[in-house]
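Peer 1: So that you have it, the file is start.txt, and it contains compact mmCIF, C-alpha atoms and all ligand atoms:
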# COMPACT_ATOMS: atom_id res chain seq x y z
CA MET A 1 110.06 108.19 -41.58
CA VAL A 2 107.25 105.63 -41.42
CA ALA A 3 103.85 107.09 -40.58
CA THR A 4 102.13 105.49 -37.60
CA PRO A 5 98.75 104.11 -38.63
CA VAL A 6 95.87 105.98 -37.06
CA GLN A 7 94.19 103.63 -34.66
CA GLN A 8 90.52 103.25 -35.45
CA LYS A 9 88.39 104.08 -32.44
CA TYR A 10 85.78 101.47 -33.30
CA ASP A 11 85.21 97.97 -34.58
CA ILE A 12 81.87 97.75 -36.34
CA LYS A 13 80.47 96.06 -39.42
CA ASP A 14 79.89 98.94 -41.82
CA ILE A 15 79.92 102.67 -41.12
CA SER A 16 77.73 103.35 -44.17
CA LEU A 17 74.78 101.83 -42.27
CA ALA A 18 74.67 104.95 -40.05
CA PRO A 19 71.67 106.70 -41.71
CA ILE A 20 69.44 103.63 -41.21
CA GLY A 21 70.63 103.40 -37.62
CA LYS A 22 69.87 107.08 -37.00
CA GLN A 23 66.31 106.72 -38.19
CA ARG A 24 65.74 103.65 -36.03
CA ILE A 25 67.36 105.18 -32.93
CA GLU A 26 65.09 108.21 -33.26
CA TRP A 27 62.07 105.96 -33.69
CA ALA A 28 62.93 104.11 -30.46
CA GLY A 29 63.46 107.46 -28.73
CA ARG A 30 59.77 108.30 -29.26
CA GLU A 31 58.91 105.54 -26.78
CA MET A 32 61.53 106.57 -24.22
CA PRO A 33 60.16 109.73 -22.59
CA VAL A 34 61.65 109.13 -19.14
CA LEU A 35 65.16 108.67 -20.50
CA ARG A 36 64.62 111.72 -22.73
CA GLN A 37 63.82 113.88 -19.71
CA LEU A 38 66.97 112.69 -17.99
CA ALA A 39 69.00 113.40 -21.14
CA GLU A 40 67.63 116.95 -21.27
CA ARG A 41 68.67 117.56 -17.68
CA TYR A 42 72.09 115.97 -18.25
CA ALA A 43 72.72 118.23 -21.24
CA ILE A 44 72.36 121.22 -18.90
CA GLU A 45 73.90 119.91 -15.69
CA LYS A 46 76.73 117.80 -17.20
CA PRO A 47 76.89 115.44 -14.19
CA PHE A 48 79.31 113.09 -15.99
CA ALA A 49 81.76 115.67 -17.33
CA GLY A 50 84.99 113.92 -18.26
CA LEU A 51 83.94 110.64 -16.65
CA ARG A 52 85.46 107.58 -18.36
CA LEU A 53 82.57 105.18 -18.74
CA VAL A 54 82.29 101.78 -20.38
CA ALA A 55 78.92 100.30 -21.25
CA CYS A 56 78.75 96.60 -22.10
CA CYS A 57 75.19 96.25 -23.34
CA HIS A 58 73.23 94.81 -26.23
CA VAL A 59 73.90 97.34 -28.98
CA THR A 60 70.30 98.20 -29.84
CA THR A 61 68.35 101.34 -30.63
CA GLU A 62 67.42 101.58 -26.94
CA THR A 63 71.02 101.28 -25.74
CA ALA A 64 71.90 103.97 -28.27
CA ASN A 65 69.46 106.34 -26.56
CA LEU A 66 71.12 105.58 -23.23
CA ALA A 67 74.62 106.14 -24.63
CA ILE A 68 73.53 109.43 -26.20
CA ALA A 69 72.02 110.59 -22.88
CA LEU A 70 75.25 109.76 -21.01
CA LYS A 71 77.34 111.51 -23.61
CA ALA A 72 75.03 114.55 -23.38
CA GLY A 73 75.88 114.56 -19.66
CA GLY A 74 79.58 114.83 -20.51
CA ALA A 75 80.64 111.19 -20.23
CA ASP A 76 83.63 109.91 -22.20
CA ALA A 77 81.65 106.78 -23.06
CA LEU A 78 82.73 103.64 -24.93
CA LEU A 79 80.29 100.90 -25.87
CA ILE A 80 80.87 97.19 -26.44
CA ALA A 81 78.41 94.36 -27.10
CA SER A 82 77.27 92.21 -24.21
CA ASN A 83 76.46 89.31 -26.53
CA PRO A 84 78.00 88.22 -29.84
CA LEU A 85 74.63 87.94 -31.60
CA SER A 86 72.63 90.91 -30.31
CA THR A 87 74.31 93.84 -32.04
CA GLN A 88 72.31 95.94 -34.48
CA ASP A 89 75.05 96.94 -36.93
CA ASP A 90 73.27 100.07 -38.17
CA VAL A 91 72.99 101.33 -34.60
CA ALA A 92 76.69 100.75 -33.98
CA ALA A 93 77.48 102.67 -37.19
CA CYS A 94 75.29 105.64 -36.25
CA LEU A 95 76.78 105.96 -32.75
CA VAL A 96 80.25 106.13 -34.26
CA ALA A 97 79.44 108.35 -37.25
CA ASP A 98 76.88 110.75 -35.78
CA TYR A 99 77.66 110.85 -32.07
CA GLY A 100 81.41 110.13 -31.97
CA ILE A 101 80.90 107.30 -29.49
CA PRO A 102 83.49 104.52 -29.91
CA VAL A 103 81.67 101.22 -30.43
CA TYR A 104 83.18 97.74 -30.58
CA ALA A 105 80.42 95.39 -31.64
CA ILE A 106 79.61 93.36 -34.74
CA LYS A 107 76.60 91.07 -35.07
CA GLY A 108 77.91 87.51 -35.26
CA GLU A 109 81.35 88.29 -33.86
CA ASP A 110 83.17 85.22 -32.63
CA ASN A 111 84.04 84.63 -28.98
CA ASP A 112 87.65 85.78 -29.46
CA THR A 113 86.47 89.10 -30.91
CA TYR A 114 83.97 89.45 -28.07
CA HIS A 115 86.73 89.00 -25.48
CA ARG A 116 89.09 91.30 -27.41
CA HIS A 117 86.40 93.99 -27.22
CA VAL A 118 86.14 93.49 -23.45
CA GLN A 119 89.90 94.11 -23.25
CA ILE A 120 89.60 97.24 -25.39
CA ALA A 121 86.85 98.47 -23.05
CA LEU A 122 89.18 98.00 -20.09
CA ASP A 123 91.97 99.80 -21.97
CA HIS A 124 89.63 102.83 -21.84
CA LYS A 125 90.44 102.87 -18.07
CA PRO A 126 86.81 103.11 -17.00
CA GLN A 127 85.76 104.78 -13.77
CA ILE A 128 82.19 103.56 -14.22
CA ILE A 129 81.12 100.28 -15.84
CA ILE A 130 77.57 99.69 -17.00
CA ASP A 131 77.43 95.91 -17.30
CA ASP A 132 74.88 93.50 -18.70
CA GLY A 133 75.86 90.05 -17.46
CA CYS A 134 78.95 91.12 -15.48
CA ASP A 135 81.56 90.14 -18.09
CA VAL A 136 83.50 93.42 -17.95
CA VAL A 137 83.52 93.56 -14.16
CA ALA A 138 84.53 89.87 -13.88
CA THR A 139 87.37 90.39 -16.38
CA LEU A 140 88.51 93.52 -14.55
CA VAL A 141 88.63 91.71 -11.23
CA LYS A 142 90.33 88.61 -12.68
CA GLU A 143 92.85 90.27 -14.96
CA ARG A 144 93.26 93.99 -14.23
CA SER A 145 93.45 94.43 -10.49
CA HIS A 146 95.83 97.39 -11.02
CA GLN A 147 92.86 99.31 -12.47
CA LEU A 148 90.62 98.76 -9.45
CA PRO A 149 91.60 102.06 -7.78
CA ASP A 150 90.13 103.93 -10.80
CA ILE A 151 86.70 102.39 -10.34
CA ILE A 152 83.91 104.48 -8.83
CA GLY A 153 81.40 101.67 -9.30
CA THR A 154 79.36 99.55 -11.62
CA THR A 155 75.69 99.24 -12.50
CA GLU A 156 74.31 95.81 -13.44
CA GLU A 157 71.33 95.23 -15.68
CA THR A 158 70.55 91.53 -15.38
CA THR A 159 69.56 88.85 -12.88
CA THR A 160 72.50 86.78 -14.15
CA GLY A 161 74.93 89.63 -13.54
CA ILE A 162 73.60 90.19 -10.03
CA VAL A 163 74.06 86.49 -9.21
CA ARG A 164 77.70 86.80 -10.34
CA LEU A 165 78.22 89.99 -8.31
CA GLN A 166 76.78 88.30 -5.22
CA ALA A 167 79.23 85.42 -5.72
CA MET A 168 82.07 87.96 -6.05
CA LEU A 169 80.97 89.72 -2.87
CA LYS A 170 80.84 86.40 -1.03
CA ALA A 171 84.31 85.53 -2.30
CA GLY A 172 85.58 88.90 -1.01
CA VAL A 173 86.71 90.12 -4.44
CA LEU A 174 84.18 92.91 -5.03
CA SER A 175 86.08 96.02 -3.99
CA PHE A 176 83.68 98.73 -5.20
CA PRO A 177 79.95 99.54 -5.09
CA ALA A 178 77.57 97.94 -7.58
CA MET A 179 74.11 99.30 -8.29
CA ASN A 180 71.51 96.56 -8.68
CA VAL A 181 69.47 98.00 -11.54
CA ASN A 182 67.72 94.67 -12.07
CA ASP A 183 66.03 94.81 -8.68
CA ALA A 184 64.42 98.21 -9.21
CA GLU A 185 60.67 97.68 -9.45
CA THR A 186 60.50 99.84 -12.56
CA LYS A 187 63.06 97.47 -14.12
CA HIS A 188 62.22 93.84 -13.46
CA PHE A 189 58.43 94.14 -13.22
CA PHE A 190 58.38 95.48 -16.77
CA ASP A 191 61.60 94.63 -18.62
CA ASN A 192 61.95 91.07 -17.34
CA ARG A 193 58.23 90.31 -17.51
CA TYR A 194 56.59 92.24 -20.34
CA GLY A 195 59.83 92.87 -22.25
CA THR A 196 61.03 89.27 -22.24
CA GLY A 197 57.45 88.03 -22.64
CA GLN A 198 56.87 89.91 -25.87
CA SER A 199 60.37 89.93 -27.38
CA THR A 200 61.01 86.21 -26.84
CA LEU A 201 57.90 85.24 -28.76
CA ASP A 202 58.75 87.94 -31.33
CA GLY A 203 62.14 86.26 -31.86
CA ILE A 204 60.62 82.79 -32.21
CA ILE A 205 57.98 84.03 -34.63
CA ARG A 206 60.43 86.03 -36.77
CA ALA A 207 62.82 83.07 -36.92
CA THR A 208 60.25 80.38 -37.69
CA ASN A 209 56.98 82.07 -38.72
CA ILE A 210 55.10 79.34 -36.86
CA LEU A 211 51.63 79.68 -35.38
CA LEU A 212 51.69 79.60 -31.59
CA ALA A 213 47.97 78.93 -31.15
CA GLY A 214 47.38 75.29 -30.27
CA LYS A 215 51.08 74.52 -29.76
CA THR A 216 52.48 73.20 -26.52
CA VAL A 217 55.07 75.64 -25.24
CA VAL A 218 57.39 74.52 -22.45
CA VAL A 219 58.77 77.41 -20.39
CA ALA A 220 61.72 76.41 -18.20
CA GLY A 221 61.94 78.79 -15.23
CA TYR A 222 59.18 80.84 -13.64
CA GLY A 223 61.08 83.92 -12.51
CA TRP A 224 59.97 87.31 -13.84
CA CYS A 225 61.12 86.43 -17.36
CA GLY A 226 59.45 83.02 -17.32
CA LYS A 227 56.22 84.54 -15.99
CA GLY A 228 56.18 86.99 -18.88
CA VAL A 229 56.91 84.36 -21.52
CA ALA A 230 54.28 81.95 -20.15
CA MET A 231 51.65 84.70 -19.92
CA ARG A 232 52.20 85.91 -23.47
CA ALA A 233 52.36 82.38 -24.94
CA LYS A 234 49.04 81.62 -23.21
CA GLY A 235 47.65 84.86 -24.67
CA LEU A 236 48.52 83.64 -28.15
CA GLY A 237 46.65 80.40 -27.57
CA SER A 238 49.46 78.04 -26.65
CA ASN A 239 49.13 75.30 -24.08
CA VAL A 240 51.85 76.23 -21.63
CA ILE A 241 53.83 73.85 -19.44
CA VAL A 242 56.19 75.27 -16.82
CA THR A 243 59.22 73.48 -15.38
CA GLU A 244 60.82 74.72 -12.16
CA ILE A 245 63.25 73.73 -9.41
CA ASN A 246 61.85 76.27 -6.94
CA ALA A 247 58.82 74.96 -5.02
CA VAL A 248 57.21 78.37 -4.43
CA ARG A 249 57.49 79.38 -8.06
CA ALA A 250 56.09 76.01 -9.10
CA ILE A 251 52.99 76.68 -6.96
CA GLU A 252 52.70 80.16 -8.48
CA ALA A 253 52.82 78.68 -11.97
CA ALA A 254 50.22 76.06 -11.07
CA MET A 255 47.91 78.71 -9.57
CA ASP A 256 48.43 80.91 -12.62
CA GLY A 257 46.84 78.05 -14.51
CA PHE A 258 49.84 76.32 -16.06
CA ARG A 259 50.70 72.64 -15.99
CA VAL A 260 53.89 72.07 -14.00
CA MET A 261 56.07 68.99 -14.43
CA PRO A 262 59.73 67.91 -14.63
CA MET A 263 61.55 68.49 -17.90
CA ASP A 264 61.80 64.77 -18.65
CA GLU A 265 58.00 64.67 -18.85
CA ALA A 266 57.62 68.05 -20.53
CA ALA A 267 60.21 67.04 -23.13
CA LYS A 268 57.79 64.47 -24.56
CA GLU A 269 54.97 66.98 -24.91
CA GLY A 270 56.51 70.24 -26.08
CA ASP A 271 56.41 71.65 -29.59
CA ILE A 272 58.45 74.70 -28.56
CA PHE A 273 60.86 74.99 -25.63
CA ILE A 274 62.01 78.27 -24.09
CA THR A 275 64.62 78.33 -21.32
CA VAL A 276 64.76 81.31 -18.97
CA THR A 277 66.42 79.90 -15.85
CA GLY A 278 69.92 81.45 -15.73
CA ASN A 279 71.36 77.96 -15.20
CA LYS A 280 73.19 75.52 -17.43
CA HIS A 281 72.03 72.43 -19.31
CA VAL A 282 68.37 72.79 -18.47
CA ILE A 283 67.69 70.95 -21.72
CA ARG A 284 70.25 68.20 -22.15
CA ALA A 285 71.01 64.88 -23.84
CA GLU A 286 68.27 62.79 -22.23
CA HIS A 287 65.65 65.43 -23.06
CA PHE A 288 66.52 65.57 -26.77
CA ASP A 289 65.97 61.80 -26.91
CA LEU A 290 62.42 62.26 -25.60
CA MET A 291 61.37 65.14 -27.84
CA LYS A 292 58.91 64.96 -30.71
CA ASP A 293 60.26 65.10 -34.24
CA GLY A 294 60.66 68.76 -35.25
CA ALA A 295 60.63 70.18 -31.71
CA ILE A 296 61.91 73.76 -31.56
CA VAL A 297 64.28 74.79 -28.76
CA SER A 298 65.29 78.31 -27.82
CA ASN A 299 66.76 80.24 -24.93
CA SER A 300 65.98 83.66 -23.54
CA GLY A 301 68.30 83.49 -20.53
CA HIS A 302 71.43 85.65 -20.54
CA PHE A 303 74.05 83.04 -21.51
CA ASP A 304 74.01 80.34 -24.17
CA ILE A 305 74.45 77.56 -21.63
CA GLU A 306 70.87 76.61 -20.89
CA ILE A 307 70.58 74.22 -23.84
CA ASP A 308 73.36 71.64 -24.08
CA LEU A 309 74.11 72.14 -27.77
CA GLN A 310 77.26 70.05 -27.58
CA ALA A 311 75.18 67.06 -26.55
CA LEU A 312 72.73 67.80 -29.35
CA GLY A 313 75.59 68.14 -31.85
CA ALA A 314 76.93 64.74 -30.78
CA LYS A 315 73.56 63.15 -31.58
CA ALA A 316 73.31 64.79 -35.01
CA ASP A 317 74.64 63.65 -38.35
CA ASN A 318 73.64 66.85 -40.13
CA VAL A 319 73.04 70.49 -39.19
CA LYS A 320 71.36 72.74 -41.70
CA GLU A 321 70.46 76.45 -41.61
CA VAL A 322 66.78 76.25 -42.58
CA ARG A 323 65.95 79.93 -42.05
CA ASN A 324 67.81 82.92 -40.66
CA PHE A 325 69.00 82.10 -37.14
CA THR A 326 67.29 78.71 -37.36
CA GLN A 327 69.26 75.47 -37.48
CA GLN A 328 67.82 72.02 -37.94
CA TYR A 329 69.76 69.21 -36.31
CA ARG A 330 69.07 65.84 -37.94
CA LEU A 331 69.61 63.24 -35.27
CA LYS A 332 71.02 59.81 -35.98
CA SER A 333 67.75 58.42 -34.60
CA GLY A 334 66.00 59.95 -37.64
CA LYS A 335 64.26 62.74 -35.72
CA SER A 336 65.09 66.42 -36.04
CA VAL A 337 65.40 69.17 -33.43
CA VAL A 338 65.38 72.84 -34.43
CA VAL A 339 67.52 75.38 -32.55
CA ILE A 340 66.94 79.12 -32.80
CA GLY A 341 69.76 81.68 -32.51
CA GLU A 342 72.44 79.13 -31.57
CA GLY A 343 70.90 78.92 -28.11
CA ARG A 344 71.71 82.58 -27.46
CA LEU A 345 69.11 85.10 -26.29
CA VAL A 346 66.42 84.46 -28.89
CA ASN A 347 64.80 87.88 -28.41
CA LEU A 348 67.99 89.69 -29.36
CA ALA A 349 69.46 87.17 -31.80
CA ALA A 350 66.33 86.79 -33.93
CA ALA A 351 64.41 89.97 -33.06
CA GLU A 352 65.28 93.40 -31.63
CA GLY A 353 65.18 92.74 -27.90
CA HIS A 354 62.69 94.30 -25.52
CA PRO A 355 60.56 97.09 -26.92
CA SER A 356 61.69 100.66 -26.25
CA ALA A 357 58.83 101.46 -23.87
CA VAL A 358 60.14 99.05 -21.23
CA MET A 359 63.81 99.77 -21.90
CA ASP A 360 62.90 103.39 -21.18
CA MET A 361 62.50 102.53 -17.50
CA SER A 362 65.39 100.04 -17.40
CA PHE A 363 67.79 102.58 -18.84
CA ALA A 364 66.42 105.44 -16.75
CA ASN A 365 67.43 103.24 -13.81
CA GLN A 366 70.86 102.73 -15.38
CA ALA A 367 71.38 106.46 -15.84
CA ILE A 368 70.16 107.20 -12.31
CA GLY A 369 72.39 104.42 -10.97
CA VAL A 370 75.41 106.01 -12.64
CA GLU A 371 74.42 109.43 -11.28
CA TYR A 372 74.05 107.97 -7.79
CA LEU A 373 77.53 106.42 -7.93
CA VAL A 374 79.07 109.67 -9.15
CA LYS A 375 77.30 111.78 -6.50
CA ASN A 376 78.39 109.37 -3.78
CA LYS A 377 81.91 108.78 -5.06
CA GLY A 378 84.18 107.60 -2.25
CA LYS A 379 81.28 107.29 0.21
CA LEU A 380 79.92 103.85 -0.62
CA ALA A 381 81.55 100.74 0.83
CA PRO A 382 82.04 97.77 -1.52
CA GLY A 383 78.72 96.01 -1.89
CA ILE A 384 75.55 95.70 -3.93
CA TYR A 385 73.12 98.61 -3.62
CA SER A 386 69.48 98.98 -4.60
CA ILE A 387 68.32 101.95 -6.63
CA PRO A 388 66.85 104.19 -3.89
CA TYR A 389 63.11 103.60 -3.53
CA GLU A 390 62.25 107.27 -4.10
CA LEU A 391 64.13 107.33 -7.42
CA ASP A 392 62.44 104.10 -8.51
CA GLN A 393 59.07 105.68 -7.67
CA GLU A 394 60.06 108.87 -9.51
CA ILE A 395 60.75 106.84 -12.67
CA ALA A 396 57.29 105.27 -12.31
CA ARG A 397 55.70 108.72 -11.85
CA LEU A 398 57.41 110.08 -14.95
CA LYS A 399 56.37 107.01 -16.95
CA LEU A 400 52.75 107.34 -15.85
CA GLN A 401 52.79 111.01 -16.75
CA ALA A 402 54.12 110.20 -20.21
CA MET A 403 51.41 107.54 -20.59
CA GLY A 404 48.76 110.12 -19.68
CA ILE A 405 47.61 108.13 -16.66
CA GLU A 406 46.63 109.86 -13.42
CA ILE A 407 46.30 108.10 -10.08
CA ASP A 408 44.84 108.88 -6.68
CA THR A 409 46.70 110.43 -3.77
CA LEU A 410 46.08 109.64 -0.12
CA THR A 411 43.72 111.92 1.79
CA GLU A 412 44.90 113.41 5.10
CA ALA A 413 42.69 110.90 6.94
CA GLN A 414 44.13 107.97 4.98
CA LEU A 415 47.67 109.13 5.63
CA GLU A 416 47.00 109.35 9.31
CA TYR A 417 45.35 105.90 9.28
CA ILE A 418 48.21 104.06 7.61
CA ASN A 419 50.73 105.72 9.87
CA SER A 420 48.94 104.81 13.09
CA TRP A 421 48.69 101.57 15.07
CA THR A 422 45.92 102.61 17.47
CA SER A 423 42.84 102.20 15.32
CA GLY A 424 41.75 98.58 14.81
CA THR A 425 38.39 96.79 14.83
N1 LIG B 501 67.97 93.64 -23.24
C1 LIG B 501 66.81 93.15 -23.68
N2 LIG B 501 66.28 93.91 -24.64
C2 LIG B 501 67.14 94.93 -24.85
C3 LIG B 501 67.15 96.04 -25.72
N3 LIG B 501 66.15 96.27 -26.57
N4 LIG B 501 68.19 96.87 -25.65
C4 LIG B 501 69.19 96.63 -24.77
N5 LIG B 501 69.24 95.62 -23.93
C5 LIG B 501 68.22 94.76 -23.96
As structure tokens, please, write out the structure in this file.

Peer 2:
Amino acid sequence: MVATPVQQKYDIKDISLAPIGKQRIEWAGREMPVLRQLAERYAIEKPFAGLRLVACCHVTTETANLAIALKAGGADALLIASNPLSTQDDVAACLVADYGIPVYAIKGEDNDTYHRHVQIALDHKPQIIIDDGCDVVATLVKERSHQLPDIIGTTEETTTGIVRLQAMLKAGVLSFPAMNVNDAETKHFFDNRYGTGQSTLDGIIRATNILLAGKTVVVAGYGWCGKGVAMRAKGLGSNVIVTEINAVRAIEAAMDGFRVMPMDEAAKEGDIFITVTGNKHVIRAEHFDLMKDGAIVSNSGHFDIEIDLQALGAKADNVKEVRNFTQQYRLKSGKSVVVIGEGRLVNLAAAEGHPSAVMDMSFANQAIGVEYLVKNKGKLAPGIYSIPYELDQEIARLKLQAMGIEIDTLTEAQLEYINSWTSGT
């Protein structure tokens, strides 16, 4: 008789990296007090007992703390990477070796492996999907409609994922509830702004070791992420130019003190370019032609579509890895353009993503979103739901408490005043 090979319940780089991962996950946990409190409650209440859950997230120390919290609550959780370049291999190893969580994620995996992992995640027959960019949900809807009856709902982390879910809803193909984690105030005010602001520059600095003071930094997109990047670049002494397609945001950027202009003007001035728009080909062929020799381009938007690398490749006669995650394209014109992290999320490709203190609130929202879906199973019509305001506020209260900050409360007279319409001038 031929023995059947035991199927490995993971696909990671190297399981022996687990001890390093454990130390780093615990270090991140120190900065995640809100998630820790939830995990402690979940360990007692077991709200997710037996629940088949798939998380498609960046496999970082912060995501590990989320996965551990969900598992403590009884979830049968499986984790895959939401980006081929963002996985921290030691973290993946620790989750498998120390927590028994199946992980399918390898830093640098190719697109085929990425999509194979999405299929493996769907083979887990999830009832809940935690998505970061909507790839698992989109694949489920496109290719596995027979699994739709299993689905209780999904939670979505990113602006990009929410845009995709809205398009699905409009097309009439979203047949289950989706929690909009991104729109929670305790998520996007902090994660998108301060998280992206700091981690994007961290990625650029780690990759290039360049001085930002005195450089002209072009930030494409002035949403919450762009605001954070522009603010932090200014703080480091850069001259910041913002490009936008939205008139209101362009005014905001101008009144925040930034120069605003179209990309074909900014292209001539920038030393460093950072795209955070969520749209494709924001930097494209005609812009590369206008750039200074040695210009550095990077992206911190969810997908690697914001910089048209194919167009850049067509202009180049040589591409050389000059530092880790840093490629120098020598153009036929004689100039060079430097690309960080293959145009993928520079904060996760070349650094470690957002710091734990902001992911604490983002992932508290994720956990609460999952809890909300489970508690309301069968009661929510297909659609996109906000995290309830009270729960968002509760996350903020817990975070403040952990930060040792106290705030005022309304007096009786103030309460009465703001609830009345009779008293005026
Ligand atoms: N997205 C941005 N930063 C992240 C992090 N540190 N962990 C997980 N997802 C992220």

Peer 1: Check which residues fall inside 7 Å of ligand LIG 501 (chain B) when counting all atoms listed in the file, and print them as a PyMOL selection string.

Peer 2: chain A and resi 57-63+195+348+352-356+359

Peer 1: List as a PyMOL selection string the protein and nucleic acid residues near Leu140 (chain A), meaning an atom at most 12 Å away when all atoms listed in the file are counted, but skip any in the same chain fewer than 4 places from it.

Peer 2: chain A and resi 54+115+118-129+131+134-136+144-151+154+173-176

Peer 1: Write the residues of the selection above to a file with C-alpha atoms, as a PDB file, in the coordinates of the input.

Peer 2:
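Output below, filename out_2.pdb:
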ATOM      1  CA  VAL A  54      82.290 101.780 -20.380  1.00  0.00           C
ATOM      2  CA  HIS A 115      86.730  89.000 -25.480  1.00  0.00           C
ATOM      3  CA  VAL A 118      86.140  93.490 -23.450  1.00  0.00           C
ATOM      4  CA  GLN A 119      89.900  94.110 -23.250  1.00  0.00           C
ATOM      5  CA  ILE A 120      89.600  97.240 -25.390  1.00  0.00           C
ATOM      6  CA  ALA A 121      86.850  98.470 -23.050  1.00  0.00           C
ATOM      7  CA  LEU A 122      89.180  98.000 -20.090  1.00  0.00           C
ATOM      8  CA  ASP A 123      91.970  99.800 -21.970  1.00  0.00           C
ATOM      9  CA  HIS A 124      89.630 102.830 -21.840  1.00  0.00           C
ATOM     10  CA  LYS A 125      90.440 102.870 -18.070  1.00  0.00           C
ATOM     11  CA  PRO A 126      86.810 103.110 -17.000  1.00  0.00           C
ATOM     12  CA  GLN A 127      85.760 104.780 -13.770  1.00  0.00           C
ATOM     13  CA  ILE A 128      82.190 103.560 -14.220  1.00  0.00           C
ATOM     14  CA  ILE A 129      81.120 100.280 -15.840  1.00  0.00           C
ATOM     15  CA  ASP A 131      77.430  95.910 -17.300  1.00  0.00           C
ATOM     16  CA  CYS A 134      78.950  91.120 -15.480  1.00  0.00           C
ATOM     17  CA  ASP A 135      81.560  90.140 -18.090  1.00  0.00           C
ATOM     18  CA  VAL A 136      83.500  93.420 -17.950  1.00  0.00           C
ATOM     19  CA  ARG A 144      93.260  93.990 -14.230  1.00  0.00           C
ATOM     20  CA  SER A 145      93.450  94.430 -10.490  1.00  0.00           C
ATOM     21  CA  HIS A 146      95.830  97.390 -11.020  1.00  0.00           C
ATOM     22  CA  GLN A 147      92.860  99.310 -12.470  1.00  0.00           C
ATOM     23  CA  LEU A 148      90.620  98.760  -9.450  1.00  0.00           C
ATOM     24  CA  PRO A 149      91.600 102.060  -7.780  1.00  0.00           C
ATOM     25  CA  ASP A 150      90.130 103.930 -10.800  1.00  0.00           C
ATOM     26  CA  ILE A 151      86.700 102.390 -10.340  1.00  0.00           C
ATOM     27  CA  THR A 154      79.360  99.550 -11.620  1.00  0.00           C
ATOM     28  CA  VAL A 173      86.710  90.120  -4.440  1.00  0.00           C
ATOM     29  CA  LEU A 174      84.180  92.910  -5.030  1.00  0.00           C
ATOM     30  CA  SER A 175      86.080  96.020  -3.990  1.00  0.00           C
ATOM     31  CA  PHE A 176      83.680  98.730  -5.200  1.00  0.00           C
TER      32      PHE A 176
END

Peer 1: What's the 9 Å shell around Leu236 (chain A), counting only C-alpha atoms, without same-chain residues fewer than 5 positions away, as a ChimeraX atom specification?

Peer 2: /A:211-214,231

Peer 1: Keeping C-alpha atoms, export the residues of the selection given above as a short mmCIF file (atom, residue, chain, number, x, y, z; two decimals), in the coordinates of the input.

Peer 2:
data_model
loop_
_atom_site.label_atom_id
_atom_site.label_comp_id
_atom_site.auth_asym_id
_atom_site.auth_seq_id
_atom_site.Cartn_x
_atom_site.Cartn_y
_atom_site.Cartn_z
CA LEU A 211 51.63 79.68 -35.38
CA LEU A 212 51.69 79.60 -31.59
CA ALA A 213 47.97 78.93 -31.15
CA GLY A 214 47.38 75.29 -30.27
CA MET A 231 51.65 84.70 -19.92
#

Peer 1: Give me, as a list of chain:residue names, all polymer residues having an atom no more than 7 Å from Leu35 (chain A), counting only C-alpha atoms and skipping those fewer than 3 positions away in the same chain.

Peer 2: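 Result of the neighbour search: A:Met32, A:Leu38, A:Ala39, A:Asp360, A:Phe363, A:Ala364.
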
Peer 1: Using only C-alpha atoms and a cutoff of 7 Å, can you tell me which residues are near (72.0, 92.5, -16.7) in the file's coordinates, and write them out as a count of residues only?

Peer 2: 10

Peer 1: If we count all atoms listed in the file and set the cut-off at 9 Å, which residues sit around region 385-395 of chain A, ignoring sequence neighbours fewer than 5 positions away in its own chain? Please answer as a PyMOL selection string.

Peer 2: chain A and resi 34+177-187+361+364-365+368-369+372+400

Peer 1: Is there a way to get, as a list in words, all residues within 8 Å of the point (69.9, 79.5, -32.4) in file coordinates, counting only C-alpha atoms?

Peer 2: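 Taken together, the residues in range are Ser298, Phe325, Thr326, Gln327, Val339, Ile340, Gly341, Glu342, Gly343, Arg344, Val346 and Ala349 of chain A.
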
Peer 1: Near Asp90 (chain A), within 9 Å and counting only C-alpha atoms, which residues show up once chain neighbours fewer than 6 positions away are dropped, as a list of chain:residue names?

Peer 2: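 Those residues are A:Lys13, A:Asp14, A:Ile15, A:Ser16, A:Leu17, A:Ala18, A:Pro19, A:Ile20, A:Gly21, A:Lys22, A:Arg24.
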
Peer 1: With only C-alpha atoms as the basis for distance, which of A:Gly197, A:Gly172, A:Pro33, A:Pro47 is at the shortest distance from Asn65 (chain A)?

Peer 2: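 Going through A:Gly197, A:Gly172, A:Pro33, A:Pro47 one by one, the smallest distance to Asn65 (chain A) is for A:Pro33.
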
Peer 1: Please define a box with edges along x, y and z of the file around all atoms of region 329-335 of chain A given in the file, extend it by 4 Å on each side, and return its centre and edge lengths in Å to one decimal, as JSON.

Peer 2:
{"center_x": 67.6, "center_y": 63.8, "center_z": -36.3, "size_x": 14.8, "size_y": 18.8, "size_z": 11.3}

Peer 1: Between A:Lys292, A:Lys227, A:His302, A:Arg164, single out the one closest to Leu331 (chain A), counting all atoms listed in the file.

Peer 2: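 For Leu331 (chain A), the nearest of the candidates is A:Lys292.
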
Peer 1: Restricting the calculation to only C-alpha atoms, which member of A:Val374, A:Tyr329, A:Val141, A:Ala367 is positioned closest to Leu169 (chain A)?

Peer 2: A:Val141

Peer 1: Would you compute the distance between CA of Ala267 (chain A) and CA of Pro84 (chain A)? Give it in Å to one decimal.

Peer 2: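 Going from CA of Ala267 (chain A) over to CA of Pro84 (chain A), I get 28.5 Å.
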
Peer 1: Separation of CA of Ala357 (chain A) and CA of Arg36 (chain A), in Å?

Peer 2: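 Between these atoms lies a distance of 11.8 Å.
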
Peer 1: Measuring between all atoms listed in the file, which one of A:Asp289, A:Ala233, A:Ile152, A:Gly221 shows the shortest distance to Val248 (chain A)?

Peer 2: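 Looking only at the distances to Val248 (chain A), the closest residue turns out to be A:Gly221.
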